[in-house]
$ cat protein_12.cif   # mmCIF, C-alpha atoms, pLDDT in the B column; chains and numbers go by the auth columns
data_my_file
loop_
_atom_site.group_PDB
_atom_site.id
_atom_site.type_symbol
_atom_site.label_atom_id
_atom_site.label_comp_id
_atom_site.label_asym_id
_atom_site.label_seq_id
_atom_site.Cartn_x
_atom_site.Cartn_y
_atom_site.Cartn_z
_atom_site.B_iso_or_equiv
_atom_site.auth_seq_id
_atom_site.auth_asym_id
ATOM 1 C CA MET A 1 83.402 112.504 146.782 58.00 1 J
ATOM 2 C CA ASN A 2 86.085 112.399 144.068 66.00 2 J
ATOM 3 C CA PHE A 3 84.991 114.408 141.010 59.00 3 J
ATOM 4 C CA TRP A 4 88.095 113.905 138.836 61.00 4 J
ATOM 5 C CA PRO A 5 86.859 110.769 137.042 55.00 5 J
ATOM 6 C CA TRP A 6 83.621 112.585 136.157 57.00 6 J
ATOM 7 C CA ILE A 7 85.474 115.656 134.928 58.00 7 J
ATOM 8 C CA VAL A 8 87.738 113.517 132.733 49.00 8 J
ATOM 9 C CA LEU A 9 84.722 111.624 131.380 53.00 9 J
ATOM 10 C CA ALA A 10 82.872 114.872 130.596 51.00 10 J
ATOM 11 C CA GLY A 11 85.944 116.232 128.798 50.00 11 J
ATOM 12 C CA ALA A 12 86.251 113.056 126.739 51.00 12 J
ATOM 13 C CA VAL A 13 82.570 113.207 125.760 50.00 13 J
ATOM 14 C CA LEU A 14 82.892 116.848 124.708 48.00 14 J
ATOM 15 C CA PHE A 15 86.041 116.070 122.724 48.00 15 J
ATOM 16 C CA MET A 16 84.517 113.075 120.945 49.00 16 J
ATOM 17 C CA THR A 17 81.241 114.821 120.062 46.00 17 J
ATOM 18 C CA ARG A 18 82.880 117.976 118.822 45.00 18 J
ATOM 19 C CA LYS A 19 81.702 118.841 115.310 46.00 19 J
ATOM 20 C CA ASP A 20 84.720 120.874 114.166 47.00 20 J
ATOM 21 C CA THR A 21 87.612 118.455 113.829 45.00 21 J
ATOM 22 C CA SER A 22 89.528 120.503 111.249 50.00 22 J
ATOM 23 C CA SER A 23 92.212 121.402 113.767 55.00 23 J
ATOM 24 C CA PHE A 24 92.971 117.684 114.096 71.00 24 J
ATOM 25 C CA VAL A 25 93.354 117.103 110.361 89.00 25 J
ATOM 26 C CA SER A 26 96.705 117.725 108.691 94.00 26 J
ATOM 27 C CA ARG A 27 97.037 120.771 106.485 95.00 27 J
ATOM 28 C CA GLY A 28 97.537 118.718 103.333 96.00 28 J
ATOM 29 C CA MET A 29 94.374 116.735 103.972 97.00 29 J
ATOM 30 C CA ARG A 30 92.328 119.873 104.800 96.00 30 J
ATOM 31 C CA ASN A 31 93.560 121.432 101.556 97.00 31 J
ATOM 32 C CA ASN A 32 93.002 118.276 99.448 98.00 32 J
ATOM 33 C CA ASN A 33 96.716 118.691 98.746 98.00 33 J
ATOM 34 C CA PRO A 34 98.450 115.579 100.140 97.00 34 J
ATOM 35 C CA GLY A 35 101.746 116.618 98.541 97.00 35 J
ATOM 36 C CA ASN A 36 101.613 120.027 100.257 96.00 36 J
ATOM 37 C CA ILE A 37 102.364 121.767 96.975 96.00 37 J
ATOM 38 C CA ARG A 38 103.126 125.426 97.561 95.00 38 J
ATOM 39 C CA LYS A 39 101.419 128.278 95.798 94.00 39 J
ATOM 40 C CA GLY A 40 103.085 129.477 92.629 90.00 40 J
ATOM 41 C CA LEU A 41 101.603 127.670 89.652 86.00 41 J
ATOM 42 C CA ASN A 42 97.958 127.588 88.669 91.00 42 J
ATOM 43 C CA TRP A 43 96.627 124.044 88.799 96.00 43 J
ATOM 44 C CA SER A 44 93.413 122.522 87.478 96.00 44 J
ATOM 45 C CA GLY A 45 90.946 122.119 90.310 97.00 45 J
ATOM 46 C CA GLN A 46 92.624 124.789 92.437 97.00 46 J
ATOM 47 C CA VAL A 47 90.419 126.742 94.853 97.00 47 J
ATOM 48 C CA VAL A 48 90.665 130.439 93.979 93.00 48 J
ATOM 49 C CA PRO A 49 91.019 132.332 96.155 91.00 49 J
ATOM 50 C CA GLY A 50 92.240 129.853 98.694 91.00 50 J
ATOM 51 C CA THR A 51 92.378 130.578 102.408 95.00 51 J
ATOM 52 C CA ASP A 52 95.763 128.958 103.066 95.00 52 J
ATOM 53 C CA PRO A 53 98.501 131.594 102.783 94.00 53 J
ATOM 54 C CA SER A 54 101.228 129.185 101.604 94.00 54 J
ATOM 55 C CA PHE A 55 99.791 126.028 100.101 96.00 55 J
ATOM 56 C CA ILE A 56 97.399 125.363 97.248 97.00 56 J
ATOM 57 C CA GLN A 57 93.917 124.187 98.087 98.00 57 J
ATOM 58 C CA PHE A 58 92.139 121.859 95.680 98.00 58 J
ATOM 59 C CA LYS A 59 88.407 121.326 95.129 98.00 59 J
ATOM 60 C CA THR A 60 88.787 117.567 95.528 98.00 60 J
ATOM 61 C CA MET A 61 91.422 115.109 96.679 98.00 61 J
ATOM 62 C CA SER A 62 91.631 113.773 93.107 98.00 62 J
ATOM 63 C CA TYR A 63 92.811 117.166 91.842 98.00 63 J
ATOM 64 C CA GLY A 64 95.412 117.338 94.613 98.00 64 J
ATOM 65 C CA LEU A 65 96.666 113.885 93.670 98.00 65 J
ATOM 66 C CA ARG A 66 96.702 114.880 90.000 98.00 66 J
ATOM 67 C CA ALA A 67 99.005 117.777 90.884 98.00 67 J
ATOM 68 C CA LEU A 68 101.286 115.525 92.923 98.00 68 J
ATOM 69 C CA PHE A 69 101.571 113.006 90.074 98.00 69 J
ATOM 70 C CA ILE A 70 102.244 115.717 87.484 98.00 70 J
ATOM 71 C CA ASP A 71 104.855 117.347 89.713 97.00 71 J
ATOM 72 C CA LEU A 72 106.655 114.026 90.292 98.00 72 J
ATOM 73 C CA ILE A 73 106.534 113.045 86.624 98.00 73 J
ATOM 74 C CA ASN A 74 107.817 116.444 85.506 98.00 74 J
ATOM 75 C CA LYS A 75 110.694 116.207 87.976 98.00 75 J
ATOM 76 C CA HIS A 76 111.565 112.746 86.627 98.00 76 J
ATOM 77 C CA LYS A 77 111.406 114.075 83.053 98.00 77 J
ATOM 78 C CA SER A 78 113.842 116.833 84.086 98.00 78 J
ATOM 79 C CA GLY A 79 116.472 114.370 85.276 98.00 79 J
ATOM 80 C CA TYR A 80 115.387 113.949 88.892 98.00 80 J
ATOM 81 C CA ASP A 81 115.175 110.207 88.352 98.00 81 J
ATOM 82 C CA THR A 82 115.877 108.852 91.840 98.00 82 J
ATOM 83 C CA ILE A 83 113.921 109.274 95.050 98.00 83 J
ATOM 84 C CA GLN A 84 116.849 111.166 96.554 98.00 84 J
ATOM 85 C CA LYS A 85 117.035 113.646 93.669 98.00 85 J
ATOM 86 C CA ILE A 86 113.270 114.186 93.676 98.00 86 J
ATOM 87 C CA ILE A 87 112.994 114.727 97.422 97.00 87 J
ATOM 88 C CA TYR A 88 116.002 117.044 97.604 96.00 88 J
ATOM 89 C CA ARG A 89 114.307 119.160 94.910 95.00 89 J
ATOM 90 C CA TYR A 90 110.807 118.778 96.377 94.00 90 J
ATOM 91 C CA ALA A 91 111.698 119.354 100.035 93.00 91 J
ATOM 92 C CA PRO A 92 115.077 121.127 100.217 91.00 92 J
ATOM 93 C CA PRO A 93 117.235 120.850 103.356 92.00 93 J
ATOM 94 C CA SER A 94 116.816 124.573 104.009 90.00 94 J
ATOM 95 C CA GLU A 95 113.169 123.847 104.913 87.00 95 J
ATOM 96 C CA ASN A 96 113.062 120.135 105.807 88.00 96 J
ATOM 97 C CA ALA A 97 114.795 117.129 107.324 93.00 97 J
ATOM 98 C CA THR A 98 115.359 115.995 103.749 95.00 98 J
ATOM 99 C CA SER A 99 117.529 112.942 104.418 95.00 99 J
ATOM 100 C CA VAL A 100 114.881 111.572 106.802 97.00 100 J
ATOM 101 C CA TYR A 101 112.204 112.280 104.174 97.00 101 J
ATOM 102 C CA VAL A 102 114.256 110.423 101.526 98.00 102 J
ATOM 103 C CA ASN A 103 114.726 107.411 103.810 97.00 103 J
ATOM 104 C CA ASN A 104 111.030 107.299 104.694 97.00 104 J
ATOM 105 C CA VAL A 105 109.867 107.491 101.068 98.00 105 J
ATOM 106 C CA SER A 106 112.433 104.922 99.970 98.00 106 J
ATOM 107 C CA SER A 107 111.468 102.530 102.754 98.00 107 J
ATOM 108 C CA ARG A 108 107.706 102.913 102.242 97.00 108 J
ATOM 109 C CA SER A 109 107.887 102.655 98.452 98.00 109 J
ATOM 110 C CA GLY A 110 110.378 99.796 98.358 98.00 110 J
ATOM 111 C CA ILE A 111 112.491 101.710 95.830 98.00 111 J
ATOM 112 C CA PRO A 112 116.146 102.316 96.825 98.00 112 J
ATOM 113 C CA ALA A 113 116.845 106.018 97.343 98.00 113 J
ATOM 114 C CA LEU A 114 119.698 106.151 94.819 98.00 114 J
ATOM 115 C CA ALA A 115 118.234 103.788 92.210 98.00 115 J
ATOM 116 C CA VAL A 116 117.189 105.288 88.906 98.00 116 J
ATOM 117 C CA PHE A 117 113.586 104.149 88.598 98.00 117 J
ATOM 118 C CA GLN A 118 111.521 103.645 85.464 98.00 118 J
ATOM 119 C CA PRO A 119 108.642 106.082 84.847 98.00 119 J
ATOM 120 C CA THR A 120 105.821 103.598 85.382 98.00 120 J
ATOM 121 C CA LYS A 121 102.424 104.066 86.971 98.00 121 J
ATOM 122 C CA ASN A 122 103.353 101.584 89.691 98.00 122 J
ATOM 123 C CA ASN A 123 106.545 103.443 90.650 98.00 123 J
ATOM 124 C CA PHE A 124 104.917 106.875 90.704 98.00 124 J
ATOM 125 C CA GLU A 125 101.986 105.568 92.744 98.00 125 J
ATOM 126 C CA LYS A 126 104.302 103.976 95.324 98.00 126 J
ATOM 127 C CA ILE A 127 106.365 107.156 95.611 98.00 127 J
ATOM 128 C CA ALA A 128 103.333 109.471 95.755 98.00 128 J
ATOM 129 C CA LYS A 129 101.677 107.373 98.462 98.00 129 J
ATOM 130 C CA ALA A 130 104.901 107.307 100.500 98.00 130 J
ATOM 131 C CA MET A 131 105.275 111.075 100.118 97.00 131 J
ATOM 132 C CA ALA A 132 101.665 111.652 101.182 98.00 132 J
ATOM 133 C CA ILE A 133 102.355 109.726 104.400 97.00 133 J
ATOM 134 C CA SER A 134 105.552 111.728 105.004 95.00 134 J
ATOM 135 C CA GLU A 135 103.641 114.980 104.444 95.00 135 J
ATOM 136 C CA ASN A 136 100.442 114.131 106.373 96.00 136 J
ATOM 137 C CA GLY A 137 101.167 111.233 108.688 95.00 137 J
ATOM 138 C CA ALA A 138 98.835 108.278 109.074 92.00 138 J
ATOM 139 C CA GLU A 139 95.882 110.320 107.781 94.00 139 J
ATOM 140 C CA ALA A 140 97.166 109.806 104.248 95.00 140 J
ATOM 141 C CA ALA A 141 96.183 106.145 104.536 92.00 141 J
ATOM 142 C CA LEU A 142 92.575 107.382 104.574 93.00 142 J
ATOM 143 C CA ILE A 143 92.819 108.593 100.979 97.00 143 J
ATOM 144 C CA LYS A 144 90.510 106.311 99.033 97.00 144 J
ATOM 145 C CA ASP A 145 91.817 104.120 96.234 97.00 145 J
ATOM 146 C CA SER A 146 89.206 105.728 93.984 98.00 146 J
ATOM 147 C CA ALA A 147 90.786 109.160 94.609 98.00 147 J
ATOM 148 C CA TRP A 148 94.251 107.808 93.740 98.00 148 J
ATOM 149 C CA SER A 149 92.871 106.293 90.515 98.00 149 J
ATOM 150 C CA ALA A 150 90.986 109.452 89.615 98.00 150 J
ATOM 151 C CA GLY A 151 94.072 111.589 90.316 98.00 151 J
ATOM 152 C CA TRP A 152 96.186 109.374 88.067 98.00 152 J
ATOM 153 C CA ASN A 153 93.549 109.436 85.306 98.00 153 J
ATOM 154 C CA LEU A 154 93.306 113.232 85.507 98.00 154 J
ATOM 155 C CA ALA A 155 97.094 113.500 85.207 98.00 155 J
ATOM 156 C CA MET A 156 97.061 111.161 82.193 98.00 156 J
ATOM 157 C CA GLU A 157 94.699 113.543 80.387 98.00 157 J
ATOM 158 C CA ARG A 158 97.786 115.632 79.694 97.00 158 J
ATOM 159 C CA LYS A 159 99.448 114.165 76.618 97.00 159 J
ATOM 160 C CA ASP A 160 102.935 115.326 77.679 97.00 160 J
ATOM 161 C CA ILE A 161 102.539 113.409 80.937 97.00 161 J
ATOM 162 C CA ALA A 162 100.854 110.303 79.514 97.00 162 J
ATOM 163 C CA SER A 163 103.396 109.925 76.725 97.00 163 J
ATOM 164 C CA TYR A 164 106.252 109.812 79.253 98.00 164 J
ATOM 165 C CA ILE A 165 104.877 106.844 81.192 98.00 165 J
ATOM 166 C CA ILE A 166 106.196 103.384 80.357 96.00 166 J
ATOM 167 C CA ASN A 167 103.445 100.768 80.401 88.00 167 J
ATOM 168 C CA ALA A 168 105.023 98.005 82.410 55.00 168 J
#

$ encode --input "protein_12.cif" --output "structure tokens"
Amino acid sequence: MNFWPWIVLAGAVLFMTRKDTSSFVSRGMRNNNPGNIRKGLNWSGQVVPGTDPSFIQFKTMSYGLRALFIDLINKHKSGYDTIQKIIYRYAPPSENATSVYVNNVSSRSGIPALAVFQPTKNNFEKIAKAMAISENGAEAALIKDSAWSAGWNLAMERKDIASYIINA
């Protein structure tokens, strides 16, 4: 009797009923940090102490998205006003395949990599969502629209951030 089909089936059942799936979830998603923002600054909603040695962990996805929006907006305010400039600052070539990252974000957002873009909610949302996919893969598509909205609203609570955004 051939037992291989039964062994494969048993393995599949064990795999699919496994309770701990954290090893299958990207680091950014586990940390509620879809931008994979490194430790360094203290952020609202940050888990202290966190268990990740390199990246910030947030209490909720909305706080992680807030941090991503604030980081992107601050970069734009500092003259990093194209996707290429932002990504080269955000994910330097010494640590990343930066040109691939730039192309992916540009393609997914629909904003040309070298185009100076206006600081609008729509542009920052498109770029942040494209970056989240580059950082976390397809899992980033599972981030709920309500979390994106809440993250944006939390970022807009900061007057220096809100006053920079053009309402288009």

$ closest_residue --input "protein_12.cif" --among "J:Ser163, J:Asn31, J:Ser94, J:Gln84" --to "J:Pro112" --atoms "only C-alpha atoms"
J:Gln84

$ closest_residue --input "protein_12.cif" --among "J:Leu65, J:Ile87, J:Ala147, J:Val47" --to "J:Ala132" --atoms "all atoms listed in the file"
J:Leu65

$ residues_around --input "protein_12.cif" --residues "J:Asn32" --least-positions-apart "4" --cutoff "8 Å" --atoms "only C-alpha atoms" --output "ChimeraX atom specification"
/J:28,57-64

$ residues_around --input "protein_12.cif" --residues "J:Phe117" --least-positions-apart "4" --cutoff "9 Å" --atoms "all atoms listed in the file" --output "ChimeraX atom specification"
/J:81-83,111-112,123

$ atom_distance --input "protein_12.cif" --atom1 "atom CA of J:Ile86" --atom2 "atom CA of J:Gly50"
26.7 Å

$ resolve_selection --input "protein_12.cif" --expression "the PyMOL selection byres ((chain J and resi 153-156) around 8)" --output "mmCIF file with C-alpha atoms, in the frame of the given file"
data_model
loop_
_atom_site.group_PDB
_atom_site.id
_atom_site.type_symbol
_atom_site.label_atom_id
_atom_site.label_comp_id
_atom_site.auth_asym_id
_atom_site.auth_seq_id
_atom_site.Cartn_x
_atom_site.Cartn_y
_atom_site.Cartn_z
ATOM 1 C CA SER J 62 91.631 113.773 93.107
ATOM 2 C CA TYR J 63 92.811 117.166 91.842
ATOM 3 C CA ARG J 66 96.702 114.880 90.000
ATOM 4 C CA ALA J 67 99.005 117.777 90.884
ATOM 5 C CA PHE J 69 101.571 113.006 90.074
ATOM 6 C CA ILE J 70 102.244 115.717 87.484
ATOM 7 C CA SER J 149 92.871 106.293 90.515
ATOM 8 C CA ALA J 150 90.986 109.452 89.615
ATOM 9 C CA GLY J 151 94.072 111.589 90.316
ATOM 10 C CA TRP J 152 96.186 109.374 88.067
ATOM 11 C CA GLU J 157 94.699 113.543 80.387
ATOM 12 C CA ARG J 158 97.786 115.632 79.694
ATOM 13 C CA LYS J 159 99.448 114.165 76.618
ATOM 14 C CA ILE J 161 102.539 113.409 80.937
ATOM 15 C CA ALA J 162 100.854 110.303 79.514
#

$ residues_around --input "protein_12.cif" --residues "J:Ser99" --least-positions-apart "3" --cutoff "9 Å" --atoms "only C-alpha atoms" --output "ChimeraX atom specification"
/J:84,87-88,93,96,102-104

$ write_last_selection --input "protein_12.cif" --atoms "C-alpha atoms" --output "PDB file, in the frame of the given file"
ATOM      1  CA  GLN J  84     116.849 111.166  96.554  1.00 98.00           C
ATOM      2  CA  ILE J  87     112.994 114.727  97.422  1.00 97.00           C
ATOM      3  CA  TYR J  88     116.002 117.044  97.604  1.00 96.00           C
ATOM      4  CA  PRO J  93     117.235 120.850 103.356  1.00 92.00           C
ATOM      5  CA  ASN J  96     113.062 120.135 105.807  1.00 88.00           C
ATOM      6  CA  VAL J 102     114.256 110.423 101.526  1.00 98.00           C
ATOM      7  CA  ASN J 103     114.726 107.411 103.810  1.00 97.00           C
ATOM      8  CA  ASN J 104     111.030 107.299 104.694  1.00 97.00           C
TER       9      ASN J 104
END

$ closest_residue --input "protein_12.cif" --among "J:Ile165, J:Met131, J:Ala141, J:Val48" --to "J:Ile73" --atoms "only C-alpha atoms"
J:Ile165

$ resolve_selection --input "protein_12.cif" --expression "the PyMOL selection byres ((chain J and resi 136) around 12)" --output "ChimeraX atom specification"
/J:24-36,128-135,137-143

$ write_last_selection --input "protein_12.cif" --atoms "C-alpha atoms" --output "tab-separated table (two decimals), in the frame of the given file"
chain	number	residue	atom	x	y	z
J	24	PHE	CA	92.97	117.68	114.10
J	25	VAL	CA	93.35	117.10	110.36
J	26	SER	CA	96.70	117.72	108.69
J	27	ARG	CA	97.04	120.77	106.48
J	28	GLY	CA	97.54	118.72	103.33
J	29	MET	CA	94.37	116.74	103.97
J	30	ARG	CA	92.33	119.87	104.80
J	31	ASN	CA	93.56	121.43	101.56
J	32	ASN	CA	93.00	118.28	99.45
J	33	ASN	CA	96.72	118.69	98.75
J	34	PRO	CA	98.45	115.58	100.14
J	35	GLY	CA	101.75	116.62	98.54
J	36	ASN	CA	101.61	120.03	100.26
J	128	ALA	CA	103.33	109.47	95.76
J	129	LYS	CA	101.68	107.37	98.46
J	130	ALA	CA	104.90	107.31	100.50
J	131	MET	CA	105.28	111.08	100.12
J	132	ALA	CA	101.66	111.65	101.18
J	133	ILE	CA	102.36	109.73	104.40
J	134	SER	CA	105.55	111.73	105.00
J	135	GLU	CA	103.64	114.98	104.44
J	137	GLY	CA	101.17	111.23	108.69
J	138	ALA	CA	98.84	108.28	109.07
J	139	GLU	CA	95.88	110.32	107.78
J	140	ALA	CA	97.17	109.81	104.25
J	141	ALA	CA	96.18	106.14	104.54
J	142	LEU	CA	92.58	107.38	104.57
J	143	ILE	CA	92.82	108.59	100.98

$ closest_residue --input "protein_12.cif" --among "J:Arg89, J:Lys39, J:Lys126, J:Lys144" --to "J:Ser106" --atoms "only C-alpha atoms"
J:Lys126

$ residues_near_point --input "protein_12.cif" --point "(104.1, 126.5, 99.9)" --cutoff "8 Å" --atoms "all atoms listed in the file" --output "NGL selection string"
:J and (36-40 or 54-56)

$ atom_distance --input "protein_12.cif" --atom1 "atom CA of J:Val105" --atom2 "atom CA of J:Asp52"
25.8 Å

$ atom_distance --input "protein_12.cif" --atom1 "atom CA of J:Asp71" --atom2 "atom CA of J:Ala113"
18.2 Å

$ decode --input "protein_12.cif" --residues "stretch 35-54 of chain J" --atoms "N, CA, C and O atoms" --output "mmCIF file, in the first residue's frame"
data_model
loop_
_atom_site.group_PDB
_atom_site.id
_atom_site.type_symbol
_atom_site.label_atom_id
_atom_site.label_comp_id
_atom_site.auth_asym_id
_atom_site.auth_seq_id
_atom_site.Cartn_x
_atom_site.Cartn_y
_atom_site.Cartn_z
ATOM 1 N N GLY J 35 5.614 50.231 7.014
ATOM 2 C CA GLY J 35 6.720 50.938 6.388
ATOM 3 C C GLY J 35 8.069 50.433 6.861
ATOM 4 O O GLY J 35 9.103 50.894 6.398
ATOM 5 N N ASN J 36 8.067 49.473 7.784
ATOM 6 C CA ASN J 36 9.302 48.950 8.379
ATOM 7 C C ASN J 36 10.221 50.088 8.828
ATOM 8 O O ASN J 36 11.399 50.145 8.466
ATOM 9 N N ILE J 37 9.659 50.971 9.631
ATOM 10 C CA ILE J 37 10.422 52.097 10.169
ATOM 11 C C ILE J 37 11.329 51.569 11.278
ATOM 12 O O ILE J 37 10.890 50.870 12.185
ATOM 13 N N ARG J 38 12.596 51.916 11.150
ATOM 14 C CA ARG J 38 13.593 51.448 12.128
ATOM 15 C C ARG J 38 13.490 52.211 13.440
ATOM 16 O O ARG J 38 12.989 53.328 13.492
ATOM 17 N N LYS J 39 13.999 51.574 14.476
ATOM 18 C CA LYS J 39 14.046 52.215 15.783
ATOM 19 C C LYS J 39 14.937 53.448 15.713
ATOM 20 O O LYS J 39 15.860 53.507 14.918
ATOM 21 N N GLY J 40 14.654 54.411 16.543
ATOM 22 C CA GLY J 40 15.452 55.628 16.578
ATOM 23 C C GLY J 40 14.659 56.763 17.185
ATOM 24 O O GLY J 40 15.069 57.366 18.156
ATOM 25 N N LEU J 41 13.494 57.038 16.607
ATOM 26 C CA LEU J 41 12.616 58.072 17.136
ATOM 27 C C LEU J 41 11.535 57.430 17.985
ATOM 28 O O LEU J 41 11.191 56.261 17.802
ATOM 29 N N ASN J 42 10.983 58.202 18.900
ATOM 30 C CA ASN J 42 9.832 57.733 19.665
ATOM 31 C C ASN J 42 8.572 58.185 18.953
ATOM 32 O O ASN J 42 8.405 59.365 18.666
ATOM 33 N N TRP J 43 7.699 57.245 18.658
ATOM 34 C CA TRP J 43 6.476 57.506 17.923
ATOM 35 C C TRP J 43 5.265 57.290 18.814
ATOM 36 O O TRP J 43 5.277 56.403 19.672
ATOM 37 N N SER J 44 4.208 58.040 18.580
ATOM 38 C CA SER J 44 2.935 57.777 19.256
ATOM 39 C C SER J 44 2.477 56.381 18.890
ATOM 40 O O SER J 44 2.586 55.970 17.742
ATOM 41 N N GLY J 45 1.967 55.668 19.882
ATOM 42 C CA GLY J 45 1.459 54.321 19.637
ATOM 43 C C GLY J 45 2.525 53.254 19.573
ATOM 44 O O GLY J 45 2.233 52.092 19.282
ATOM 45 N N GLN J 46 3.761 53.600 19.877
ATOM 46 C CA GLN J 46 4.871 52.651 19.837
ATOM 47 C C GLN J 46 4.779 51.696 21.023
ATOM 48 O O GLN J 46 4.436 52.099 22.136
ATOM 49 N N VAL J 47 5.064 50.427 20.794
ATOM 50 C CA VAL J 47 5.129 49.438 21.868
ATOM 51 C C VAL J 47 6.483 49.579 22.542
ATOM 52 O O VAL J 47 7.522 49.511 21.888
ATOM 53 N N VAL J 48 6.450 49.815 23.869
ATOM 54 C CA VAL J 48 7.696 49.968 24.629
ATOM 55 C C VAL J 48 7.637 49.053 25.847
ATOM 56 O O VAL J 48 6.696 49.139 26.630
ATOM 57 N N PRO J 49 8.580 48.167 26.037
ATOM 58 C CA PRO J 49 9.655 47.872 25.088
ATOM 59 C C PRO J 49 9.136 46.919 24.018
ATOM 60 O O PRO J 49 8.310 46.063 24.286
ATOM 61 N N GLY J 50 9.630 47.083 22.841
ATOM 62 C CA GLY J 50 9.264 46.175 21.763
ATOM 63 C C GLY J 50 10.162 44.945 21.782
ATOM 64 O O GLY J 50 11.203 44.936 22.433
ATOM 65 N N THR J 51 9.750 43.914 21.092
ATOM 66 C CA THR J 51 10.549 42.686 21.046
ATOM 67 C C THR J 51 11.393 42.578 19.780
ATOM 68 O O THR J 51 12.263 41.728 19.700
ATOM 69 N N ASP J 52 11.128 43.438 18.797
ATOM 70 C CA ASP J 52 11.914 43.409 17.563
ATOM 71 C C ASP J 52 13.188 44.220 17.803
ATOM 72 O O ASP J 52 13.118 45.370 18.225
ATOM 73 N N PRO J 53 14.348 43.649 17.532
ATOM 74 C CA PRO J 53 15.595 44.357 17.821
ATOM 75 C C PRO J 53 15.889 45.546 16.903
ATOM 76 O O PRO J 53 16.660 46.422 17.267
ATOM 77 N N SER J 54 15.270 45.612 15.733
ATOM 78 C CA SER J 54 15.615 46.644 14.754
ATOM 79 C C SER J 54 14.484 47.585 14.378
ATOM 80 O O SER J 54 14.735 48.743 14.061
#
